[in-house]
$ cat model-v2.pdb   # PDB, C-alpha atoms, pLDDT in the B column
ATOM      1  CA  MET A  10      -9.192 -17.886 -42.334  1.00 47.00           C
ATOM      2  CA  THR A  11      -7.807 -18.236 -45.832  1.00 49.00           C
ATOM      3  CA  PRO A  12      -7.524 -15.254 -48.168  1.00 52.00           C
ATOM      4  CA  TRP A  13     -10.377 -16.709 -50.267  1.00 50.00           C
ATOM      5  CA  GLY A  14     -12.567 -17.807 -47.348  1.00 59.00           C
ATOM      6  CA  ASP A  15     -12.979 -20.920 -45.210  1.00 68.00           C
ATOM      7  CA  ALA A  16     -15.902 -22.345 -47.169  1.00 71.00           C
ATOM      8  CA  LEU A  17     -13.958 -22.271 -50.429  1.00 70.00           C
ATOM      9  CA  ALA A  18     -10.906 -23.877 -48.791  1.00 70.00           C
ATOM     10  CA  LYS A  19     -13.035 -26.695 -47.356  1.00 76.00           C
ATOM     11  CA  ARG A  20     -14.638 -27.312 -50.742  1.00 75.00           C
ATOM     12  CA  LEU A  21     -11.215 -27.419 -52.442  1.00 72.00           C
ATOM     13  CA  VAL A  22     -10.013 -29.977 -49.861  1.00 75.00           C
ATOM     14  CA  ARG A  23     -13.135 -32.119 -50.469  1.00 80.00           C
ATOM     15  CA  GLU A  24     -12.534 -31.978 -54.208  1.00 80.00           C
ATOM     16  CA  GLY A  25      -8.909 -32.955 -53.721  1.00 76.00           C
ATOM     17  CA  ARG A  26      -7.447 -29.746 -55.156  1.00 68.00           C
ATOM     18  CA  LEU A  27      -5.909 -28.780 -51.792  1.00 67.00           C
ATOM     19  CA  PRO A  28      -4.118 -31.113 -49.349  1.00 70.00           C
ATOM     20  CA  LYS A  29      -5.851 -31.738 -46.001  1.00 70.00           C
ATOM     21  CA  ASP A  30      -2.926 -30.165 -44.156  1.00 67.00           C
ATOM     22  CA  ALA A  31      -3.641 -26.850 -45.871  1.00 59.00           C
ATOM     23  CA  LEU A  32      -6.555 -26.125 -43.543  1.00 60.00           C
ATOM     24  CA  ARG A  33      -4.431 -26.677 -40.462  1.00 60.00           C
ATOM     25  CA  SER A  34      -1.661 -24.417 -41.689  1.00 55.00           C
ATOM     26  CA  LEU A  35      -4.160 -21.680 -42.561  1.00 54.00           C
ATOM     27  CA  ALA A  36      -5.997 -21.806 -39.241  1.00 54.00           C
ATOM     28  CA  PRO A  37      -5.400 -18.808 -37.018  1.00 55.00           C
ATOM     29  CA  ALA A  38      -2.731 -19.335 -34.399  1.00 54.00           C
ATOM     30  CA  ARG A  39      -3.890 -19.696 -30.820  1.00 60.00           C
ATOM     31  CA  LYS A  40      -3.323 -16.732 -28.595  1.00 59.00           C
ATOM     32  CA  PRO A  41      -0.437 -17.303 -26.206  1.00 60.00           C
ATOM     33  CA  LYS A  42      -1.305 -17.414 -22.522  1.00 58.00           C
ATOM     34  CA  PRO A  43      -0.508 -14.165 -20.773  1.00 54.00           C
ATOM     35  CA  ALA A  44       2.730 -14.264 -18.844  1.00 52.00           C
ATOM     36  CA  ARG A  45       2.503 -14.279 -15.070  1.00 56.00           C
ATOM     37  CA  LEU A  46       3.476 -11.039 -13.479  1.00 52.00           C
ATOM     38  CA  PRO A  47       6.781 -11.249 -11.638  1.00 59.00           C
ATOM     39  CA  GLU A  48       6.279 -10.913  -7.915  1.00 65.00           C
ATOM     40  CA  SER A  49       7.678  -7.785  -6.378  1.00 65.00           C
ATOM     41  CA  ALA A  50       9.961  -7.952  -3.375  1.00 66.00           C
ATOM     42  CA  PRO A  51       8.296  -8.051   0.037  1.00 69.00           C
ATOM     43  CA  PHE A  52       8.269  -4.744   1.898  1.00 72.00           C
ATOM     44  CA  ASP A  53       7.393  -3.230   5.252  1.00 78.00           C
ATOM     45  CA  PRO A  54       4.076  -1.380   5.539  1.00 83.00           C
ATOM     46  CA  VAL A  55       4.220   1.946   3.715  1.00 85.00           C
ATOM     47  CA  ARG A  56       2.277   5.068   4.707  1.00 89.00           C
ATOM     48  CA  PHE A  57       1.650   8.189   2.645  1.00 89.00           C
ATOM     49  CA  VAL A  58      -0.904  10.992   2.343  1.00 91.00           C
ATOM     50  CA  LEU A  59      -2.565  12.213  -0.865  1.00 90.00           C
ATOM     51  CA  TYR A  60      -3.941  15.741  -0.389  1.00 90.00           C
ATOM     52  CA  GLY A  61      -7.005  17.049  -2.192  1.00 89.00           C
ATOM     53  CA  GLU A  62     -10.776  16.561  -2.111  1.00 88.00           C
ATOM     54  CA  PRO A  63     -11.273  12.837  -2.894  1.00 88.00           C
ATOM     55  CA  ARG A  64     -13.683  12.200  -5.757  1.00 88.00           C
ATOM     56  CA  THR A  65     -15.454   9.119  -7.057  1.00 86.00           C
ATOM     57  CA  LYS A  66     -15.681   7.915 -10.642  1.00 82.00           C
ATOM     58  CA  ASN A  67     -19.477   7.698 -10.514  1.00 78.00           C
ATOM     59  CA  GLY A  68     -21.816  10.594 -10.985  1.00 69.00           C
ATOM     60  CA  GLY A  69     -21.887  12.716 -14.100  1.00 65.00           C
ATOM     61  CA  LYS A  70     -20.238  10.323 -16.536  1.00 65.00           C
ATOM     62  CA  VAL A  71     -19.720  11.826 -19.964  1.00 67.00           C
ATOM     63  CA  VAL A  72     -20.175   9.770 -23.109  1.00 71.00           C
ATOM     64  CA  GLY A  73     -17.689  10.772 -25.776  1.00 68.00           C
ATOM     65  CA  ILE A  74     -17.932   9.759 -29.425  1.00 65.00           C
ATOM     66  CA  LEU A  75     -14.433   9.259 -30.775  1.00 64.00           C
ATOM     67  CA  ARG A  76     -15.250   7.984 -34.238  1.00 67.00           C
ATOM     68  CA  PRO A  77     -18.396   6.641 -35.801  1.00 69.00           C
ATOM     69  CA  LYS A  78     -19.483   3.534 -33.893  1.00 69.00           C
ATOM     70  CA  ARG A  79     -16.837   4.153 -31.187  1.00 73.00           C
ATOM     71  CA  ILE A  80     -18.290   5.397 -27.917  1.00 73.00           C
ATOM     72  CA  ARG A  81     -16.210   5.888 -24.793  1.00 74.00           C
ATOM     73  CA  VAL A  82     -17.384   6.654 -21.273  1.00 77.00           C
ATOM     74  CA  ILE A  83     -15.256   9.426 -19.819  1.00 80.00           C
ATOM     75  CA  PRO A  84     -15.048   9.841 -16.029  1.00 83.00           C
ATOM     76  CA  PRO A  85     -16.498  13.080 -14.647  1.00 85.00           C
ATOM     77  CA  LYS A  86     -14.369  16.225 -14.611  1.00 86.00           C
ATOM     78  CA  PRO A  87     -14.009  16.441 -10.777  1.00 87.00           C
ATOM     79  CA  TYR A  88     -12.524  12.923 -10.761  1.00 87.00           C
ATOM     80  CA  ARG A  89     -10.118  13.753 -13.606  1.00 86.00           C
ATOM     81  CA  ASP A  90      -9.078  16.959 -11.786  1.00 89.00           C
ATOM     82  CA  TRP A  91      -8.452  14.973  -8.590  1.00 88.00           C
ATOM     83  CA  LEU A  92      -6.285  12.493 -10.538  1.00 88.00           C
ATOM     84  CA  ARG A  93      -4.199  15.361 -11.936  1.00 88.00           C
ATOM     85  CA  LEU A  94      -3.715  16.804  -8.457  1.00 89.00           C
ATOM     86  CA  ILE A  95      -2.699  13.404  -7.068  1.00 88.00           C
ATOM     87  CA  ALA A  96      -0.340  12.828 -10.021  1.00 87.00           C
ATOM     88  CA  LEU A  97       1.584  15.982  -9.077  1.00 87.00           C
ATOM     89  CA  GLN A  98       2.036  14.664  -5.535  1.00 85.00           C
ATOM     90  CA  SER A  99       2.750  11.045  -6.405  1.00 83.00           C
ATOM     91  CA  ALA A 100       6.137  11.413  -8.148  1.00 83.00           C
ATOM     92  CA  PRO A 101       8.068  12.403  -4.993  1.00 85.00           C
ATOM     93  CA  ILE A 102       6.183   9.831  -2.899  1.00 84.00           C
ATOM     94  CA  LEU A 103       6.856   7.014  -5.377  1.00 83.00           C
ATOM     95  CA  GLY A 104      10.517   8.059  -5.664  1.00 83.00           C
ATOM     96  CA  ARG A 105      10.909   7.954  -1.876  1.00 82.00           C
ATOM     97  CA  LEU A 106       9.232   4.542  -1.723  1.00 79.00           C
ATOM     98  CA  GLN A 107      11.457   3.127  -4.480  1.00 79.00           C
ATOM     99  CA  ARG A 108      14.570   4.318  -2.624  1.00 80.00           C
ATOM    100  CA  THR A 109      13.285   2.882   0.658  1.00 75.00           C
ATOM    101  CA  CYS A 110      12.123  -0.476  -0.767  1.00 74.00           C
ATOM    102  CA  PRO A 111      14.091  -1.190  -3.973  1.00 72.00           C
ATOM    103  CA  GLY A 112      12.407  -3.713  -6.247  1.00 73.00           C
ATOM    104  CA  ALA A 113       9.065  -3.472  -4.456  1.00 74.00           C
ATOM    105  CA  PHE A 114       7.359  -0.859  -6.650  1.00 76.00           C
ATOM    106  CA  PRO A 115       5.251  -1.141  -8.716  1.00 82.00           C
ATOM    107  CA  ILE A 116       3.692  -3.746  -6.460  1.00 83.00           C
ATOM    108  CA  ALA A 117       2.924  -7.072  -8.153  1.00 83.00           C
ATOM    109  CA  ARG A 118       1.835  -9.171  -5.174  1.00 83.00           C
ATOM    110  CA  PRO A 119      -1.359  -9.411  -3.098  1.00 86.00           C
ATOM    111  CA  ILE A 120      -1.606  -6.474  -0.703  1.00 87.00           C
ATOM    112  CA  SER A 121      -3.784  -5.010   2.005  1.00 90.00           C
ATOM    113  CA  VAL A 122      -4.661  -1.313   1.848  1.00 92.00           C
ATOM    114  CA  LYS A 123      -5.950   0.836   4.672  1.00 94.00           C
ATOM    115  CA  ALA A 124      -7.340   4.099   3.275  1.00 94.00           C
ATOM    116  CA  ILE A 125      -8.815   6.752   5.527  1.00 94.00           C
ATOM    117  CA  VAL A 126     -10.677   9.140   3.249  1.00 93.00           C
ATOM    118  CA  TYR A 127     -11.176  12.635   4.710  1.00 94.00           C
ATOM    119  CA  ARG A 128     -13.846  14.514   2.771  1.00 92.00           C
ATOM    120  CA  GLY A 129     -14.346  18.275   2.819  1.00 89.00           C
ATOM    121  CA  THR A 130     -18.120  18.084   3.131  1.00 88.00           C
ATOM    122  CA  ASN A 131     -20.472  16.262   5.450  1.00 86.00           C
ATOM    123  CA  ARG A 132     -22.774  15.082   2.658  1.00 86.00           C
ATOM    124  CA  ALA A 133     -23.686  11.425   2.435  1.00 83.00           C
ATOM    125  CA  ALA A 134     -21.155   9.375   0.455  1.00 85.00           C
ATOM    126  CA  ASP A 135     -20.377   5.736  -0.249  1.00 88.00           C
ATOM    127  CA  LEU A 136     -17.135   4.366   1.148  1.00 90.00           C
ATOM    128  CA  ASP A 137     -16.987   1.635  -1.501  1.00 90.00           C
ATOM    129  CA  ARG A 138     -17.021   4.154  -4.368  1.00 90.00           C
ATOM    130  CA  HIS A 139     -14.197   6.103  -2.754  1.00 92.00           C
ATOM    131  CA  LEU A 140     -12.169   2.907  -2.284  1.00 92.00           C
ATOM    132  CA  ILE A 141     -12.647   1.991  -5.947  1.00 91.00           C
ATOM    133  CA  ALA A 142     -11.401   5.453  -6.916  1.00 91.00           C
ATOM    134  CA  VAL A 143      -8.379   5.138  -4.604  1.00 92.00           C
ATOM    135  CA  GLY A 144      -7.515   1.692  -6.012  1.00 92.00           C
ATOM    136  CA  ASP A 145      -7.757   2.930  -9.608  1.00 90.00           C
ATOM    137  CA  CYS A 146      -5.678   5.976  -8.671  1.00 89.00           C
ATOM    138  CA  LEU A 147      -2.941   3.820  -7.101  1.00 89.00           C
ATOM    139  CA  GLN A 148      -2.805   1.701 -10.253  1.00 90.00           C
ATOM    140  CA  ARG A 149      -2.789   4.634 -12.662  1.00 88.00           C
ATOM    141  CA  LEU A 150      -0.001   6.416 -10.762  1.00 86.00           C
ATOM    142  CA  GLY A 151       2.287   3.377 -10.731  1.00 85.00           C
ATOM    143  CA  PHE A 152       2.030   2.182  -7.139  1.00 85.00           C
ATOM    144  CA  LEU A 153       0.343  -1.074  -8.243  1.00 87.00           C
ATOM    145  CA  VAL A 154       0.573  -3.209 -11.358  1.00 89.00           C
ATOM    146  CA  ASN A 155      -3.161  -3.913 -11.120  1.00 89.00           C
ATOM    147  CA  ASP A 156      -5.738  -2.926  -8.514  1.00 88.00           C
ATOM    148  CA  ARG A 157      -7.026  -6.529  -8.512  1.00 90.00           C
ATOM    149  CA  LEU A 158      -4.068  -7.275  -6.240  1.00 89.00           C
ATOM    150  CA  ILE A 159      -5.784  -5.464  -3.358  1.00 91.00           C
ATOM    151  CA  ARG A 160      -7.105  -8.367  -1.281  1.00 90.00           C
ATOM    152  CA  SER A 161      -8.211  -6.395   1.764  1.00 90.00           C
ATOM    153  CA  TRP A 162      -9.388  -2.874   2.655  1.00 91.00           C
ATOM    154  CA  ASP A 163      -9.300  -3.537   6.425  1.00 89.00           C
ATOM    155  CA  GLY A 164      -9.499  -0.429   8.583  1.00 90.00           C
ATOM    156  CA  SER A 165     -10.643   1.874   5.768  1.00 92.00           C
ATOM    157  CA  ARG A 166     -12.999   4.666   6.798  1.00 92.00           C
ATOM    158  CA  LEU A 167     -14.821   7.709   5.507  1.00 92.00           C
ATOM    159  CA  MET A 168     -14.266  10.784   7.689  1.00 92.00           C
ATOM    160  CA  VAL A 169     -14.860  14.544   7.473  1.00 92.00           C
ATOM    161  CA  ASP A 170     -12.147  17.217   7.679  1.00 91.00           C
ATOM    162  CA  GLN A 171     -13.268  20.500   6.160  1.00 91.00           C
ATOM    163  CA  ASN A 172      -9.840  22.153   6.444  1.00 92.00           C
ATOM    164  CA  THR A 173      -7.630  19.555   4.734  1.00 91.00           C
ATOM    165  CA  PRO A 174      -9.447  16.894   2.692  1.00 92.00           C
ATOM    166  CA  ARG A 175      -7.077  14.033   1.925  1.00 92.00           C
ATOM    167  CA  VAL A 176      -6.571  10.277   1.669  1.00 93.00           C
ATOM    168  CA  GLU A 177      -4.211   8.617   4.149  1.00 94.00           C
ATOM    169  CA  CYS A 178      -3.017   5.286   2.739  1.00 93.00           C
ATOM    170  CA  GLU A 179      -1.168   2.410   4.311  1.00 92.00           C
ATOM    171  CA  ILE A 180      -0.073  -0.439   2.036  1.00 88.00           C
ATOM    172  CA  ALA A 181       1.129  -3.751   3.475  1.00 86.00           C
ATOM    173  CA  CYS A 182       1.951  -7.147   1.986  1.00 83.00           C
ATOM    174  CA  PHE A 183      -0.953  -9.560   2.243  1.00 77.00           C
ATOM    175  CA  PRO A 184       0.172 -12.612   4.236  1.00 72.00           C
ATOM    176  CA  ASP A 185       1.013 -15.679   2.146  1.00 64.00           C
ATOM    177  CA  GLU A 186      -0.195 -18.062   4.827  1.00 52.00           C
ATOM    178  CA  GLU A 187      -2.620 -18.248   7.716  1.00 53.00           C
ATOM    179  CA  GLU A 188      -1.429 -18.023  11.308  1.00 51.00           C
ATOM    180  CA  ASP A 189      -1.549 -21.830  11.630  1.00 53.00           C
ATOM    181  CA  GLY A 190       0.849 -22.204   8.648  1.00 50.00           C
ATOM    182  CA  THR A 191      -1.609 -23.318   5.935  1.00 58.00           C
ATOM    183  CA  PRO A 192      -1.072 -21.477   2.635  1.00 58.00           C
ATOM    184  CA  ILE A 193      -3.737 -19.055   1.449  1.00 59.00           C
ATOM    185  CA  LYS A 194      -5.172 -19.995  -1.925  1.00 59.00           C
ATOM    186  CA  PRO A 195      -5.785 -17.117  -4.375  1.00 54.00           C
TER     187      PRO A 195
END
$ encode --input "model-v2.pdb" --output "structure tokens"
Amino acid sequence: MTPWGDALAKRLVREGRLPKDALRSLAPARKPKPARLPESAPFDPVRFVLYGEPRTKNGGKVVGILRPKRIRVIPPKPYRDWLRLIALQSAPILGRLQRTCPGAFPIARPISVKAIVYRGTNRAADLDRHLIAVGDCLQRLGFLVNDRLIRSWDGSRLMVDQNTPRVECEIACFPDEEEDGTPIKP
């Protein structure tokens, strides 16, 4: 877009008062393609426990108005409180994992996660909502570059433990090829 507008620039080119190349030089530059994430180093399966009553992001969403015409959906307070509790526990866990597997964290390769979610109540709950919350939590705390890299939730369960609600996680590299040797396509 030119400072005086595209329509005016096109008219000036038609009339011969601007060279034809002027439109090309004034066109907005194309956005560069995003760079591929560097792959992290492969690692052995990692296990850790996140203590606290697991919460989902759904249920009781708050709509916040930041500025006029800017509305933001804020996750519910129990979920935000759970994230704060997990953040306090995650620094020592992440430090231990980085010492054990240097160059592997944050993870930037396809992975498989097994999450056993122990809830404090026996009320009905959706496993998929808890897994979404765990994936977002792992990304926010720096375990993963992006939770899209989770290719499998095999072995994940929803259980009840009224004494110590927690999430037991096991993260493993997702295999790059099938057992017969053919590569897996993303």
$ closest_residue --input "model-v2.pdb" --among "A:Asp156, A:Val58, A:Asp170, A:Asn131" --to "A:Pro101" --atoms "only C-alpha atoms"
A:Val58
$ residues_around --input "model-v2.pdb" --residues "stretch 77-93 of chain A" --least-positions-apart "4" --cutoff "12 Å" --atoms "only C-alpha atoms" --output "JSON, numbers by chain"
{"A": [59, 60, 61, 62, 63, 64, 65, 66, 67, 68, 69, 70, 71, 72, 73, 97, 98, 99, 100, 138, 139, 141, 142, 143, 144, 145, 146, 147, 148, 149, 150, 174, 175, 176]}
$ closest_residue --input "model-v2.pdb" --among "A:Leu94, A:Cys182, A:Val126, A:Leu17" --to "A:Arg166" --atoms "only C-alpha atoms"
A:Val126
$ atom_distance --input "model-v2.pdb" --atom1 "atom CA of A:Gly104" --atom2 "atom CA of A:Ala181"
17.6 Å
$ resolve_selection --input "model-v2.pdb" --expression "the PyMOL selection byres ((chain A and resi 120) around 8)" --output "MDAnalysis selection string"
chainID A and resid 118:119 121:122 158:161 180:183
$ atom_distance --input "model-v2.pdb" --atom1 "atom CA of A:Leu140" --atom2 "atom CA of A:Asp53"
21.8 Å
